[in-house]
file model.tsv (TSV, C-alpha atoms (C1' of nucleotides))
chain	number	residue	atom	x	y	z
A	285	MET	CA	0.00	0.00	0.00
A	286	ALA	CA	1.08	3.57	-0.68
A	287	ASP	CA	1.90	5.94	2.10
A	288	PRO	CA	-1.42	7.62	2.86
A	289	THR	CA	0.20	10.91	3.78
A	290	ASN	CA	1.64	11.12	0.29
A	291	SER	CA	-1.65	11.97	-1.31
A	292	GLY	CA	-0.23	13.90	-4.23
A	293	GLU	CA	1.59	10.98	-5.85
A	294	SER	CA	-0.98	9.33	-8.03
A	295	LEU	CA	-4.70	9.57	-8.28
A	296	LEU	CA	-4.90	5.85	-8.89
A	297	PHE	CA	-3.77	5.27	-5.35
A	298	LEU	CA	-6.30	7.57	-3.72
A	299	THR	CA	-7.93	5.30	-1.19
A	300	ASP	CA	-11.33	5.89	0.33
A	301	GLU	CA	-9.55	6.75	3.55
A	302	GLN	CA	-7.55	9.47	1.88
A	303	VAL	CA	-10.63	10.96	0.32
A	304	ARG	CA	-12.31	10.77	3.70
A	305	LYS	CA	-9.55	12.87	5.17
A	306	GLY	CA	-10.27	15.48	2.56
A	307	ILE	CA	-13.88	15.45	3.68
A	308	GLU	CA	-12.92	15.91	7.28
A	309	ALA	CA	-10.54	18.67	6.34
A	310	MET	CA	-13.43	20.49	4.70
A	311	PHE	CA	-15.52	20.08	7.81
A	312	PHE	CA	-12.95	21.39	10.26
A	313	ALA	CA	-11.66	24.11	7.96
A	314	TYR	CA	-15.10	25.50	7.35
A	315	ARG	CA	-15.55	25.90	11.07
A	316	GLY	CA	-12.40	27.96	11.17
A	317	PHE	CA	-13.47	29.82	8.08
A	318	THR	CA	-16.64	31.11	9.72
A	319	ALA	CA	-15.33	31.44	13.26
A	320	ASP	CA	-14.00	34.99	13.14
A	321	PRO	CA	-16.99	36.70	11.51
A	322	ASP	CA	-19.32	34.72	13.75
A	323	ARG	CA	-17.46	36.00	16.77
A	324	ILE	CA	-17.67	39.57	15.56
A	325	LEU	CA	-21.34	39.35	14.71
A	326	GLU	CA	-22.41	37.77	17.96
A	327	GLY	CA	-23.74	40.39	20.27
A	328	MET	CA	-24.97	42.46	17.37
A	329	ASP	CA	-28.38	41.44	16.14
A	330	PHE	CA	-26.78	39.79	13.14
A	331	GLY	CA	-25.57	36.34	12.20
A	332	ARG	CA	-23.90	34.44	9.45
A	333	ALA	CA	-26.75	35.02	7.05
A	334	HIS	CA	-26.28	38.76	7.40
A	335	HIS	CA	-22.60	38.40	6.79
A	336	ARG	CA	-23.19	36.58	3.54
A	337	ALA	CA	-25.64	39.20	2.35
A	338	ILE	CA	-23.25	41.99	3.23
A	339	HIS	CA	-20.42	40.25	1.49
A	340	PHE	CA	-22.19	39.85	-1.82
A	341	VAL	CA	-23.79	43.29	-1.75
A	342	HIS	CA	-20.34	44.70	-1.25
A	343	ARG	CA	-19.05	42.51	-4.03
A	344	SER	CA	-21.75	43.48	-6.49
A	345	PRO	CA	-23.07	46.90	-5.53
A	346	GLY	CA	-26.44	47.65	-7.05
A	347	THR	CA	-27.33	44.00	-7.34
A	348	THR	CA	-31.01	43.13	-7.14
A	349	VAL	CA	-32.81	41.01	-4.60
A	350	SER	CA	-33.42	38.21	-7.10
A	351	ASN	CA	-29.80	38.12	-8.06
A	352	LEU	CA	-28.77	37.87	-4.44
A	353	LEU	CA	-31.32	35.12	-4.04
A	354	ALA	CA	-29.68	33.10	-6.78
A	355	ILE	CA	-26.22	33.56	-5.32
A	356	LEU	CA	-27.10	32.77	-1.74
A	357	GLY	CA	-29.42	29.90	-2.57
A	358	VAL	CA	-32.03	30.69	0.06
A	359	THR	CA	-35.71	31.48	-0.20
A	360	LYS	CA	-36.86	35.02	-0.64
A	361	GLN	CA	-38.70	34.90	2.66
A	362	SER	CA	-35.50	34.05	4.39
A	363	LEU	CA	-33.44	36.64	2.56
A	364	ASN	CA	-36.13	39.23	3.08
A	365	ARG	CA	-35.91	38.98	6.83
A	366	VAL	CA	-32.16	39.37	6.68
A	367	LEU	CA	-32.34	42.29	4.32
A	368	ARG	CA	-35.02	44.01	6.32
A	369	SER	CA	-32.96	43.96	9.48
A	370	LEU	CA	-29.91	45.19	7.59
A	371	ILE	CA	-31.90	48.06	6.14
A	372	GLU	CA	-33.45	48.90	9.50
A	373	GLY	CA	-30.01	48.80	11.04
A	374	GLY	CA	-28.83	51.32	8.48
A	375	LEU	CA	-26.25	49.04	6.87
A	376	VAL	CA	-27.90	48.46	3.53
A	377	GLU	CA	-29.85	50.75	1.28
A	378	ALA	CA	-32.42	49.53	-1.25
A	379	ARG	CA	-32.94	51.87	-4.16
A	380	VAL	CA	-35.91	51.47	-6.46
A	381	GLY	CA	-34.73	50.67	-9.95
A	382	ARG	CA	-34.70	53.48	-12.48
A	383	ARG	CA	-35.27	51.37	-15.54
A	384	ASP	CA	-37.41	48.76	-13.83
A	385	LYS	CA	-39.13	50.11	-10.78
A	386	ARG	CA	-39.99	46.64	-9.51
A	387	GLU	CA	-36.37	46.00	-8.77
A	388	ARG	CA	-34.52	47.03	-5.63
A	389	HIS	CA	-30.87	47.78	-6.11
A	390	LEU	CA	-28.86	47.07	-3.00
A	391	HIS	CA	-25.97	49.13	-1.71
A	392	LEU	CA	-23.98	49.26	1.48
A	393	THR	CA	-24.23	52.47	3.45
A	394	PRO	CA	-21.02	53.90	4.94
A	395	LEU	CA	-21.92	52.07	8.13
A	396	GLY	CA	-22.43	48.87	6.18
A	397	GLN	CA	-19.10	49.30	4.47
A	398	GLU	CA	-17.46	49.71	7.81
A	399	LEU	CA	-18.89	46.45	9.10
A	400	GLU	CA	-18.05	44.70	5.85
A	401	ARG	CA	-14.51	45.86	6.25
A	402	THR	CA	-14.29	44.59	9.80
A	403	LEU	CA	-15.71	41.21	8.86
A	404	SER	CA	-13.70	40.65	5.74
A	405	ASP	CA	-10.51	41.88	7.33
A	406	ALA	CA	-10.84	39.15	9.92
A	407	GLN	CA	-11.70	36.50	7.39
A	408	ARG	CA	-9.03	37.58	4.95
A	409	ALA	CA	-6.42	37.61	7.68
A	410	ARG	CA	-7.10	33.97	8.39
A	411	MET	CA	-7.18	33.05	4.72
A	412	ARG	CA	-3.98	34.93	4.08
A	413	ALA	CA	-2.27	33.25	7.00
A	414	ALA	CA	-3.40	29.88	5.71
A	415	TYR	CA	-2.05	30.68	2.26
A	416	ARG	CA	1.22	31.77	3.73
A	417	ALA	CA	1.52	28.66	5.86
A	418	ALA	CA	0.67	26.35	3.00
A	419	GLY	CA	2.89	28.02	0.46
A	420	PRO	CA	2.30	29.51	-2.98
A	421	GLN	CA	2.03	26.19	-4.78
A	422	SER	CA	-0.78	25.10	-2.53
A	423	VAL	CA	-2.96	28.10	-3.21
A	424	ALA	CA	-3.66	27.26	-6.84
A	425	GLY	CA	-4.45	23.66	-5.96
A	426	PHE	CA	-6.73	24.74	-3.20
A	427	ARG	CA	-8.79	26.90	-5.50
A	428	GLN	CA	-8.90	24.30	-8.24
A	429	VAL	CA	-10.20	21.55	-6.01
A	430	LEU	CA	-12.81	23.84	-4.50
A	431	GLU	CA	-13.95	24.95	-7.90
A	432	ALA	CA	-14.26	21.39	-9.10
A	433	MET	CA	-16.32	20.58	-6.04
A	434	MET	CA	-19.06	23.09	-6.81
A	435	ASP	CA	-22.30	22.30	-8.54
A	436	PRO	CA	-22.21	23.58	-12.11
A	437	GLU	CA	-24.72	26.28	-11.35
A	438	MET	CA	-22.72	27.56	-8.39
A	439	ARG	CA	-19.54	27.40	-10.42
A	440	ARG	CA	-21.14	29.70	-12.93
A	441	GLN	CA	-22.05	32.14	-10.18
A	442	TYR	CA	-18.57	31.91	-8.74
A	443	GLN	CA	-16.86	32.46	-12.05
A	444	SER	CA	-18.94	35.44	-13.01
A	445	LEU	CA	-18.04	37.05	-9.70
A	446	LYS	CA	-14.45	36.09	-10.29
A	447	GLU	CA	-14.14	38.06	-13.48
A	448	GLY	CA	-16.10	41.00	-12.19
A	449	GLY	CA	-13.83	41.35	-9.19
A	450	ALA	CA	-10.47	41.27	-10.93
B	29	MET	CA	0.27	44.84	-11.17
B	30	ALA	CA	0.59	41.10	-11.33
B	31	ASP	CA	-1.85	39.02	-13.28
B	32	PRO	CA	-4.59	38.22	-10.76
B	33	THR	CA	-5.29	34.81	-12.24
B	34	ASN	CA	-1.75	33.78	-11.51
B	35	SER	CA	-2.27	33.45	-7.81
B	36	GLY	CA	0.50	30.92	-7.17
B	37	GLU	CA	3.38	33.13	-8.23
B	38	SER	CA	4.25	35.04	-5.12
B	39	LEU	CA	2.57	35.56	-1.82
B	40	LEU	CA	3.72	39.12	-1.80
B	41	PHE	CA	1.42	39.81	-4.70
B	42	LEU	CA	-1.68	38.26	-3.16
B	43	THR	CA	-4.17	41.08	-3.37
B	44	ASP	CA	-7.20	41.40	-1.18
B	45	GLU	CA	-9.28	40.55	-4.21
B	46	GLN	CA	-7.47	37.30	-4.73
B	47	VAL	CA	-7.91	36.33	-1.13
B	48	ARG	CA	-11.55	37.29	-1.44
B	49	LYS	CA	-11.93	34.85	-4.29
B	50	GLY	CA	-10.60	32.14	-2.05
B	51	ILE	CA	-13.26	33.06	0.48
B	52	GLU	CA	-15.99	32.84	-2.11
B	53	ALA	CA	-14.61	29.55	-3.36
B	54	MET	CA	-14.98	28.18	0.17
B	55	PHE	CA	-18.55	29.40	0.33
B	56	PHE	CA	-19.69	27.89	-2.94
B	57	ALA	CA	-17.68	24.71	-2.57
B	58	TYR	CA	-19.07	23.99	0.86
B	59	ARG	CA	-22.55	24.13	-0.59
B	60	GLY	CA	-21.57	21.48	-3.11
B	61	PHE	CA	-19.82	19.54	-0.40
B	62	THR	CA	-22.98	19.12	1.65
B	63	ALA	CA	-25.46	18.94	-1.22
B	64	ASP	CA	-25.43	15.19	-1.87
B	65	PRO	CA	-25.81	13.98	1.72
B	66	ASP	CA	-28.46	16.63	2.34
B	67	ARG	CA	-30.40	15.36	-0.62
B	68	ILE	CA	-30.16	11.77	0.59
B	69	LEU	CA	-31.15	12.66	4.14
B	70	GLU	CA	-34.12	14.78	3.17
B	71	GLY	CA	-37.29	12.79	3.49
B	72	MET	CA	-35.77	10.67	6.24
B	73	ASP	CA	-36.16	12.20	9.67
B	74	PHE	CA	-32.51	13.16	9.65
B	75	GLY	CA	-30.44	16.15	8.67
B	76	ARG	CA	-26.90	17.34	8.41
B	77	ALA	CA	-26.29	17.09	12.12
B	78	HIS	CA	-27.14	13.40	11.99
B	79	HIS	CA	-24.79	12.91	9.09
B	80	ARG	CA	-21.93	14.43	11.03
B	81	ALA	CA	-22.61	12.25	14.04
B	82	ILE	CA	-22.81	9.14	11.90
B	83	HIS	CA	-19.61	10.04	10.14
B	84	PHE	CA	-17.55	10.40	13.26
B	85	VAL	CA	-19.07	7.42	15.04
B	86	HIS	CA	-18.13	5.37	12.00
B	87	ARG	CA	-14.70	6.90	12.05
B	88	SER	CA	-14.09	6.21	15.72
B	89	PRO	CA	-16.26	3.29	16.81
B	90	GLY	CA	-16.71	3.08	20.55
B	91	THR	CA	-16.12	6.79	21.02
B	92	THR	CA	-17.87	8.45	23.93
B	93	VAL	CA	-20.44	11.20	23.85
B	94	SER	CA	-18.00	13.73	25.29
B	95	ASN	CA	-15.43	12.89	22.71
B	96	LEU	CA	-17.94	13.37	19.95
B	97	LEU	CA	-18.91	16.64	21.61
B	98	ALA	CA	-15.37	17.93	21.33
B	99	ILE	CA	-15.13	16.94	17.68
B	100	LEU	CA	-18.45	18.36	16.57
B	101	GLY	CA	-18.22	21.51	18.62
B	102	VAL	CA	-21.84	21.64	19.72
B	103	THR	CA	-23.44	21.49	23.14
B	104	LYS	CA	-24.11	18.11	24.64
B	105	GLN	CA	-27.82	18.86	24.76
B	106	SER	CA	-27.84	19.43	21.05
B	107	LEU	CA	-25.86	16.32	20.32
B	108	ASN	CA	-28.05	14.36	22.68
B	109	ARG	CA	-31.18	15.02	20.64
B	110	VAL	CA	-29.41	13.93	17.48
B	111	LEU	CA	-28.06	10.83	19.14
B	112	ARG	CA	-31.40	9.94	20.65
B	113	SER	CA	-33.15	9.95	17.30
B	114	LEU	CA	-30.35	7.92	15.76
B	115	ILE	CA	-30.65	5.38	18.55
B	116	GLU	CA	-34.43	5.27	18.27
B	117	GLY	CA	-34.07	4.84	14.53
B	118	GLY	CA	-31.85	1.84	15.15
B	119	LEU	CA	-28.78	3.34	13.49
B	120	VAL	CA	-26.60	3.85	16.51
B	121	GLU	CA	-26.09	1.79	19.63
B	122	ALA	CA	-24.93	3.29	22.93
B	123	ARG	CA	-23.22	0.83	25.23
B	124	VAL	CA	-22.67	1.67	28.88
B	125	GLY	CA	-18.98	1.81	29.65
B	126	ARG	CA	-17.47	-1.17	31.43
B	127	ARG	CA	-14.75	0.72	33.23
B	128	ASP	CA	-16.71	3.92	33.71
B	129	LYS	CA	-20.44	3.40	33.76
B	130	ARG	CA	-21.11	7.09	33.17
B	131	GLU	CA	-19.77	6.83	29.66
B	132	ARG	CA	-21.73	5.70	26.63
B	133	HIS	CA	-19.70	4.06	23.91
B	134	LEU	CA	-21.19	4.66	20.50
B	135	HIS	CA	-21.34	2.17	17.63
B	136	LEU	CA	-23.14	2.02	14.32
B	137	THR	CA	-25.61	-0.82	13.92
B	138	PRO	CA	-25.62	-2.70	10.60
B	139	LEU	CA	-28.40	-0.36	9.52
B	140	GLY	CA	-26.34	2.62	10.57
B	141	GLN	CA	-23.37	1.32	8.64
B	142	GLU	CA	-25.53	0.97	5.58
B	143	LEU	CA	-26.64	4.59	5.75
B	144	GLU	CA	-23.13	5.75	6.49
B	145	ARG	CA	-21.98	3.93	3.40
B	146	THR	CA	-24.65	5.53	1.24
B	147	LEU	CA	-23.85	9.00	2.52
B	148	SER	CA	-20.12	8.76	2.31
B	149	ASP	CA	-20.20	7.08	-1.08
B	150	ALA	CA	-22.02	10.11	-2.44
B	151	GLN	CA	-19.73	12.58	-0.73
B	152	ARG	CA	-16.60	10.70	-1.66
B	153	ALA	CA	-17.68	10.45	-5.27
B	154	ARG	CA	-17.87	14.21	-5.49
B	155	MET	CA	-14.60	14.70	-3.68
B	156	ARG	CA	-12.88	12.14	-5.83
B	157	ALA	CA	-14.22	13.75	-9.00
B	158	ALA	CA	-12.98	17.11	-7.79
B	159	TYR	CA	-9.55	15.65	-7.08
B	160	ARG	CA	-9.46	14.07	-10.47
B	161	ALA	CA	-10.48	17.27	-12.22
B	162	ALA	CA	-7.99	19.37	-10.30
B	163	GLY	CA	-5.10	16.99	-10.68
B	164	PRO	CA	-2.73	15.30	-8.23
B	165	GLN	CA	-0.67	18.38	-7.49
B	166	SER	CA	-3.71	20.29	-6.44
B	167	VAL	CA	-4.81	17.76	-3.88
B	168	ALA	CA	-1.86	18.26	-1.59
B	169	GLY	CA	-2.24	22.02	-1.77
B	170	PHE	CA	-5.92	21.77	-1.07
B	171	ARG	CA	-5.36	19.81	2.09
B	172	GLN	CA	-2.54	22.02	3.27
B	173	VAL	CA	-4.50	25.23	2.95
B	174	LEU	CA	-7.52	23.71	4.68
B	175	GLU	CA	-5.38	22.45	7.50
B	176	ALA	CA	-3.77	25.83	7.94
B	177	MET	CA	-7.20	27.42	8.08
B	178	MET	CA	-8.36	25.44	11.11
B	179	ASP	CA	-8.28	26.67	14.66
B	180	PRO	CA	-5.43	24.99	16.52
B	181	GLU	CA	-7.84	22.98	18.61
B	182	MET	CA	-9.65	21.68	15.54
B	183	ARG	CA	-6.39	20.93	13.85
B	184	ARG	CA	-5.47	18.73	16.77
B	185	GLN	CA	-8.76	16.88	16.44
B	186	TYR	CA	-8.28	16.57	12.71
B	187	GLN	CA	-4.77	15.27	13.00
B	188	SER	CA	-5.55	12.70	15.60
B	189	LEU	CA	-8.29	11.34	13.37
B	190	LYS	CA	-5.88	11.42	10.49
B	191	GLU	CA	-3.45	9.06	12.11
B	192	GLY	CA	-6.08	6.79	13.49
B	193	GLY	CA	-7.60	6.29	10.07
B	194	ALA	CA	-4.45	5.35	8.18
C	82	DT	C1'	-18.53	9.05	53.74
C	83	DT	C1'	-19.25	12.99	51.84
C	84	DG	C1'	-18.79	16.41	48.55
C	85	DG	C1'	-17.27	17.85	44.07
C	86	DA	C1'	-16.62	16.87	39.27
C	87	DA	C1'	-17.78	14.46	35.09
C	88	DA	C1'	-21.09	12.09	31.80
C	89	DG	C1'	-25.27	12.09	30.20
C	90	DT	C1'	-30.53	13.29	30.03
C	91	DC	C1'	-34.87	16.07	29.95
C	92	DA	C1'	-37.34	20.39	29.05
C	93	DA	C1'	-38.06	24.87	27.27
C	94	DC	C1'	-36.75	28.34	24.24
C	95	DA	C1'	-34.37	30.99	20.21
C	96	DA	C1'	-32.54	31.43	15.58
C	97	DG	C1'	-32.72	30.36	10.97
C	98	DT	C1'	-34.43	27.92	7.45
C	99	DC	C1'	-38.27	26.11	4.61
C	100	DT	C1'	-43.05	25.74	2.16
C	101	DG	C1'	-47.35	27.73	0.95
C	102	DA	C1'	-50.42	31.38	0.09
C	103	DC	C1'	-51.43	35.94	-0.84
C	104	DG	C1'	-50.86	41.00	-2.12
C	105	DT	C1'	-49.03	44.81	-4.86
C	106	DA	C1'	-46.75	47.27	-8.14
C	107	DA	C1'	-44.68	47.36	-12.59
C	108	DC	C1'	-43.52	45.47	-16.86
C	109	DT	C1'	-44.84	42.95	-21.35
C	110	DT	C1'	-47.69	41.17	-24.80
C	111	DC	C1'	-51.48	40.93	-27.56
D	279	DG	C1'	-56.10	48.80	-22.47
D	280	DA	C1'	-56.78	43.97	-20.60
D	281	DA	C1'	-54.38	39.84	-19.35
D	282	DG	C1'	-50.53	37.54	-17.95
D	283	DT	C1'	-45.86	37.64	-15.98
D	284	DT	C1'	-42.17	39.27	-13.09
D	285	DA	C1'	-40.05	41.34	-8.86
D	286	DC	C1'	-40.66	42.03	-4.44
D	287	DG	C1'	-42.83	41.92	0.16
D	288	DT	C1'	-45.46	39.65	3.89
D	289	DC	C1'	-48.14	36.49	6.92
D	290	DA	C1'	-48.50	31.95	8.88
D	291	DG	C1'	-46.85	27.45	10.23
D	292	DA	C1'	-43.44	23.96	10.51
D	293	DC	C1'	-38.84	21.86	11.01
D	294	DT	C1'	-33.86	21.58	12.10
D	295	DT	C1'	-30.40	22.90	14.86
D	296	DG	C1'	-28.67	25.36	18.18
D	297	DT	C1'	-28.87	27.44	23.02
D	298	DT	C1'	-29.41	27.70	28.54
D	299	DG	C1'	-30.99	25.68	32.83
D	300	DA	C1'	-31.95	22.04	35.92
D	301	DC	C1'	-31.45	17.26	36.93
D	302	DT	C1'	-29.60	12.15	37.74
D	303	DT	C1'	-26.11	8.88	37.92
D	304	DT	C1'	-21.55	7.66	38.59
D	305	DC	C1'	-16.87	8.25	39.81
D	306	DC	C1'	-13.12	9.88	42.59
D	307	DA	C1'	-10.66	12.03	46.18
D	308	DA	C1'	-10.32	14.48	50.57

call {"tool": "encode", "arguments": {"input": "model.tsv", "output": "structure tokens"}}
result
Amino acid sequence: MADPTNSGESLLFLTDEQVRKGIEAMFFAYRGFTADPDRILEGMDFGRAHHRAIHFVHRSPGTTVSNLLAILGVTKQSLNRVLRSLIEGGLVEARVGRRDKRERHLHLTPLGQELERTLSDAQRARMRAAYRAAGPQSVAGFRQVLEAMMDPEMRRQYQSLKEGGA
Amino acid sequence: MADPTNSGESLLFLTDEQVRKGIEAMFFAYRGFTADPDRILEGMDFGRAHHRAIHFVHRSPGTTVSNLLAILGVTKQSLNRVLRSLIEGGLVEARVGRRDKRERHLHLTPLGQELERTLSDAQRARMRAAYRAAGPQSVAGFRQVLEAMMDPEMRRQYQSLKEGGA
DNA sequence: TTGGAAAGTCAACAAGTCTGACGTAACTTC
DNA sequence: GAAGTTACGTCAGACTTGTTGACTTTCCAA
């Protein structure tokens, strides 16, 4: 049998146990991934759902509610509650569309931008530290595996954000 | 400015935007990661929490409730409800400890093993496909970044499982 | 032997998600 | 301009998962 710690050697020798370790790595890493923003948000009236909304509104200013719905993959009832509290809290502004008045275009207020900054600084710091610890070669592999793991529909969403942000 | 798509070149040139893409990759990939088991579980009386419990009981047969608690990072009351329904459903067996009668040692029943197999087959298939698509070099990088992203405590948990499973 | 700590259980509550149904305004098509 | 569709909001009810608080049983050590 191949050395299980040597998982990069050959795909033909990827045992179930090795794949399982990848699964567990995802589980534990995701906990770390969300830990810092969760800590920051707790105490405020907001949670992880609010963080996600803030993130993608920041990422795509002026995006509509439906578009956000597609990205986040939740129901509109669920998103609506989140959005409402963000608007009431003065973090997000919803502007009625000029071309299509049914649409609401979402923007972060200065206050919202400040919170976004705080949250993403924390999350980026961890991600950056992980990149640094793992080394430059690992970063590309990391992204490639994650991308291959997405559902096609999500990959589309991800990639369209990708280009927009560069 | 460096080419943003060339993220492996030098850590010094990792822009906030590039790190942000890594964050979004985690978000979308985790959705894919949990999609298959969620789909399988839906309709049964179980959810993602049950999947996690089943996974780690399979991984460490005979583990105690407290140990599972530490791995899953939830309160014992929360885990207890999950465990109770798994036991009532005949998927998990809790044996009173021989040395310490306060402890419950957890095992999967044949039925539990069957479900575990179904769930992890689906999840492994996706992970394996992602590995294959990304290539052997990527796999090592993937694992290294994830590992570096964990909280130290979780990394300990992860690593002790790692050795045990080899 | 007694008192504290640890392991686990029961009960009640909160957060976040979902489905389903309905309402309204605005756009589109005929 | 009437009819149908789209975008968004809201109410109601349920489920999953998480929480805190109070409790029992068991172990261990002073």

call {"tool": "atom_distance", "arguments": {"input": "model.tsv", "atom1": "CA of Val349 in chain A", "atom2": "CA of Leu390 in chain A"}}
result
7.4 Å

call {"tool": "residues_around", "arguments": {"input": "model.tsv", "residues": "Arg304 in chain A", "least_positions_apart": "5", "cutoff": "12 Å", "atoms": "all atoms listed in the file", "output": "ChimeraX atom specification"}}
result
/A:288,291,298-299,309-311 /B:83-84,86-87,145,147-156,171,186,189-190,193-194

call {"tool": "residues_around", "arguments": {"input": "model.tsv", "residues": "range 82-97 of chain C", "least_positions_apart": "6", "cutoff": "8 Å", "atoms": "all atoms listed in the file", "output": "list in words"}}
result
Ser94, Asn108, Arg130 and Glu131 of chain B; DG296, DT297, DC301, DT302 and DC305 of chain D

call {"tool": "write_last_selection", "arguments": {"input": "model.tsv", "atoms": "C-alpha atoms (C1' of nucleotides)", "output": "PDB file, in the coordinates of the input"}}
result
ATOM      1  CA  SER B  94     -18.000  13.730  25.290  1.00  0.00           C
ATOM      2  CA  ASN B 108     -28.050  14.360  22.680  1.00  0.00           C
ATOM      3  CA  ARG B 130     -21.110   7.090  33.170  1.00  0.00           C
ATOM      4  CA  GLU B 131     -19.770   6.830  29.660  1.00  0.00           C
TER       5      GLU B 131
ATOM      6  C1'  DG D 296     -28.670  25.360  18.180  1.00  0.00           C
ATOM      7  C1'  DT D 297     -28.870  27.440  23.020  1.00  0.00           C
ATOM      8  C1'  DC D 301     -31.450  17.260  36.930  1.00  0.00           C
ATOM      9  C1'  DT D 302     -29.600  12.150  37.740  1.00  0.00           C
ATOM     10  C1'  DC D 305     -16.870   8.250  39.810  1.00  0.00           C
TER      11       DC D 305
END

call {"tool": "interface_residues", "arguments": {"input": "model.tsv", "of": "chain B", "to": "chain D", "cutoff": "12 Å", "atoms": "only C-alpha atoms (C1' of nucleotides)", "output": "PDB file with C-alpha atoms, keeping the file's coordinate frame"}}
result
ATOM      1  CA  GLU B  70     -34.120  14.780   3.170  1.00  0.00           C
ATOM      2  CA  GLY B  71     -37.290  12.790   3.490  1.00  0.00           C
ATOM      3  CA  ASP B  73     -36.160  12.200   9.670  1.00  0.00           C
ATOM      4  CA  PHE B  74     -32.510  13.160   9.650  1.00  0.00           C
ATOM      5  CA  GLY B  75     -30.440  16.150   8.670  1.00  0.00           C
ATOM      6  CA  ARG B  76     -26.900  17.340   8.410  1.00  0.00           C
ATOM      7  CA  ALA B  77     -26.290  17.090  12.120  1.00  0.00           C
ATOM      8  CA  HIS B  78     -27.140  13.400  11.990  1.00  0.00           C
ATOM      9  CA  GLY B 101     -18.220  21.510  18.620  1.00  0.00           C
ATOM     10  CA  VAL B 102     -21.840  21.640  19.720  1.00  0.00           C
ATOM     11  CA  THR B 103     -23.440  21.490  23.140  1.00  0.00           C
ATOM     12  CA  LYS B 104     -24.110  18.110  24.640  1.00  0.00           C
ATOM     13  CA  GLN B 105     -27.820  18.860  24.760  1.00  0.00           C
ATOM     14  CA  SER B 106     -27.840  19.430  21.050  1.00  0.00           C
ATOM     15  CA  LEU B 107     -25.860  16.320  20.320  1.00  0.00           C
ATOM     16  CA  ASN B 108     -28.050  14.360  22.680  1.00  0.00           C
ATOM     17  CA  ARG B 109     -31.180  15.020  20.640  1.00  0.00           C
ATOM     18  CA  VAL B 110     -29.410  13.930  17.480  1.00  0.00           C
ATOM     19  CA  VAL B 124     -22.670   1.670  28.880  1.00  0.00           C
ATOM     20  CA  GLY B 125     -18.980   1.810  29.650  1.00  0.00           C
ATOM     21  CA  ARG B 127     -14.750   0.720  33.230  1.00  0.00           C
ATOM     22  CA  ASP B 128     -16.710   3.920  33.710  1.00  0.00           C
ATOM     23  CA  LYS B 129     -20.440   3.400  33.760  1.00  0.00           C
ATOM     24  CA  ARG B 130     -21.110   7.090  33.170  1.00  0.00           C
ATOM     25  CA  GLU B 131     -19.770   6.830  29.660  1.00  0.00           C
TER      26      GLU B 131
END

call {"tool": "interface_residues", "arguments": {"input": "model.tsv", "of": "chain C", "to": "chain A", "cutoff": "7 Å", "atoms": "only C-alpha atoms (C1' of nucleotides)", "output": "ChimeraX atom specification"}}
result
/C:98,106-107

call {"tool": "write_last_selection", "arguments": {"input": "model.tsv", "atoms": "C-alpha atoms (C1' of nucleotides)", "output": "PDB file, keeping the file's coordinate frame"}}
result
ATOM      1  C1'  DT C  98     -34.430  27.920   7.450  1.00  0.00           C
ATOM      2  C1'  DA C 106     -46.750  47.270  -8.140  1.00  0.00           C
ATOM      3  C1'  DA C 107     -44.680  47.360 -12.590  1.00  0.00           C
TER       4       DA C 107
END

call {"tool": "atom_distance", "arguments": {"input": "model.tsv", "atom1": "CA of Glu175 in chain B", "atom2": "CA of Phe312 in chain A"}}
result
8.1 Å

call {"tool": "residues_near_point", "arguments": {"input": "model.tsv", "point": "(-8.5, 26.6, 6.6)", "cutoff": "8 Å", "atoms": "all atoms listed in the file", "output": "list in words"}}
result
Phe312, Ala313, Tyr314, Gly316, Phe317, Arg410, Met411 and Ala414 of chain A; Val173, Leu174, Glu175, Ala176, Met177 and Met178 of chain B

call {"tool": "atom_distance", "arguments": {"input": "model.tsv", "atom1": "CA of Leu119 in chain B", "atom2": "CA of Ser188 in chain B"}}
result
25.1 Å

call {"tool": "residues_near_point", "arguments": {"input": "model.tsv", "point": "(-25.9, 48.0, -0.4)", "cutoff": "6 Å", "atoms": "only C-alpha atoms (C1' of nucleotides)", "output": "PyMOL selection string"}}
result
chain A and resi 341+345+376-377+390-392

call {"tool": "closest_residue", "arguments": {"input": "model.tsv", "among": "B:Glu181, B:Glu142, B:Asp66, B:Glu116", "to": "chain A", "atoms": "only C-alpha atoms"}}
result
B:Glu181
